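Asker: The following block contains the structure, expressed as structure tokens.
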Amino acid sequence: TPLIFITAINTEPAHVELSLFEHGPHMTTWEFKVAHGDRSIQFDEGGYEYSRESSHEQEGTPTAFRLLDDLTPIVDLLRLDATRLAQPSYSAALVPRIAPDGEGLAAVLADMLITRPDDFGRIERSLRAIVPSVQRIRLERAPVSRPELQQVTVNGQTTTSRIEREYVGHRVIFDMDGAPQLPAHGASEGTLITLGILTAIMSHRGPHLVLLDDLERAIHPRAIADLVTEMRGLLELFPDLQIIATSHSPYLIDQLAPEEVRLMIADERRVMCAG
């Protein structure tokens, strides 16, 4: 039975509900609901439904996505994978984002190092507090291959082919105690996942909701207390930040106040909150 960990409540008068459903050992689906006054929005495994109960709907009423922006402008749902986190990455986006599985970590960190060096330094210090063997995080230029579709027209006939195009991106390098210049794929799974969590939390300013599945996964029990301490510090620093996480770990629960824990009981149809 998973547990849900709520560390902060959005300052807007709204109701937010996250449900996770396990379908066997390798499949988890999710449902996310937001209600605010007479407006509501529901994301169900990637789809969404929007409803407005009021009969006084006016022209220009915000869409479902506008409602979500009003309440939680940035929502990150994460189930991080160490292999994806360790990969070099490239982004053409003005503001790179980390993917739900962790892909794009290096691109986000490289952008942050340039545009928000203070936040990059805060990530580095927090990671060092949780994983003391980490001395420094560095970014190096690295080739990144991406599959793309290419269209070629000859004599009026257009054909589409799949090609690999190479870009110049970045890769993460750790300077560790006794092991300087350690590439990310040589670091432990717990180190990479901790860095991914901290980066996702710090990747946005303003209202930000971070949804973490299996928060304690691959993190040493002794490091869980330090992770919670660092997350509390970030919540105090950024009042618009909200973190909701699931966990099966008694070590994590020991670090939380009773009002921060919601016990979730799975029945045949859905996951119910038992208080």
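Residues are referred to by chain and number: the chain letter is A, B, ... according to the order shown in the structure tokens, the number counts from 1 in that chain, and ligands are numbered separately from 1 in the order shown.
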As a list in words, please: all residues of stretch 123-209 of chain A that backbone DSSP puts in helix (DSSP H, G or I).
Answerer: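 Going through stretch 123-209 of chain A, the helix (DSSP H, G or I) residues come out as Ile123, Glu124, Arg125, Ser126, Leu127, Arg128, Ala129, Ile130, Ala184, His185, Gly186, Glu189, Gly190, Thr191, Leu192, Ile193, Thr194, Leu195, Gly196, Ile197, Leu198, Thr199, Ala200, Ile201 and Met202 of chain A.
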Asker: What's the 8 Å shell around A:Glu140, counting only C-alpha atoms, without same-chain residues fewer than 2 positions away, as a PyMOL selection string?
Answerer: chain A and resi 138+142+170-173
Asker: Set the distance at 10 Å and use only C-alpha atoms: which residues neighbour A:Ala106 once local chain neighbours fewer than 4 positions away are removed? I'd like the list as a ChimeraX atom specification.
Answerer: /A:85-91,96,98,102,110-112,138-141,169-173,184,196,199
Asker: With C-alpha atoms retained, export the selected residues as a JSON list (two decimals), in the first residue's frame.
Answerer:
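Written out: selection_7.json:
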[["chain", "number", "residue", "atom", "x", "y", "z"],
["A", 85, "LEU", "CA", 19.61, 10.58, -16.08],
["A", 86, "ALA", "CA", 23.19, 9.62, -16.97],
["A", 87, "GLN", "CA", 22.80, 10.13, -20.72],
["A", 88, "PRO", "CA", 24.26, 13.21, -22.47],
["A", 89, "SER", "CA", 21.48, 15.50, -23.64],
["A", 90, "TYR", "CA", 20.74, 18.39, -25.96],
["A", 91, "SER", "CA", 17.79, 20.78, -26.00],
["A", 96, "PRO", "CA", 15.03, 23.00, -21.13],
["A", 98, "ILE", "CA", 13.72, 17.31, -17.45],
["A", 102, "GLY", "CA", 15.02, 11.92, -16.16],
["A", 110, "ALA", "CA", 23.94, 23.30, -18.34],
["A", 111, "ASP", "CA", 21.25, 25.94, -18.87],
["A", 112, "MET", "CA", 21.00, 26.56, -15.13],
["A", 138, "ARG", "CA", 30.66, 19.68, -13.84],
["A", 139, "LEU", "CA", 29.26, 19.79, -17.37],
["A", 140, "GLU", "CA", 31.23, 18.88, -20.47],
["A", 141, "ARG", "CA", 30.33, 19.23, -24.13],
["A", 169, "GLY", "CA", 25.00, 18.80, -26.04],
["A", 170, "HIS", "CA", 26.34, 18.23, -22.54],
["A", 171, "ARG", "CA", 27.11, 15.37, -20.18],
["A", 172, "VAL", "CA", 27.34, 15.35, -16.38],
["A", 173, "ILE", "CA", 30.69, 14.76, -14.71],
["A", 184, "ALA", "CA", 27.57, 10.13, -14.80],
["A", 196, "GLY", "CA", 17.52, 14.36, -10.65],
["A", 199, "THR", "CA", 17.29, 19.45, -10.31]]
Asker: Using only C-alpha atoms for the distances, tell me which of A:Leu105, A:Val210, A:Val75, A:Ile201 is nearest to A:Leu237.
Answerer: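 Of all the options, A:Ile201 lies closest to A:Leu237.
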Asker: Which one of A:Gly178, A:Pro183, A:Gly190, A:Pro143 sits closest to A:Leu127 if you count only C-alpha atoms?
Answerer: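 Distance minimum relative to A:Leu127 lands on A:Gly190.
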Asker: Mind giving me the straight-line distance from atom CA of A:Ala129 to atom CA of A:Pro180 in Å, one decimal?
Answerer: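 So the two atoms, atom CA of A:Ala129 and atom CA of A:Pro180, lie 18.1 Å apart.
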Asker: Between A:Asp101, A:Asp226, A:Asp175, A:Glu259, which residue has the minimum interatomic distance to A:Ile193, considering only C-alpha atoms?
Answerer: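 Under the stated criterion, the closest residue is A:Asp101.
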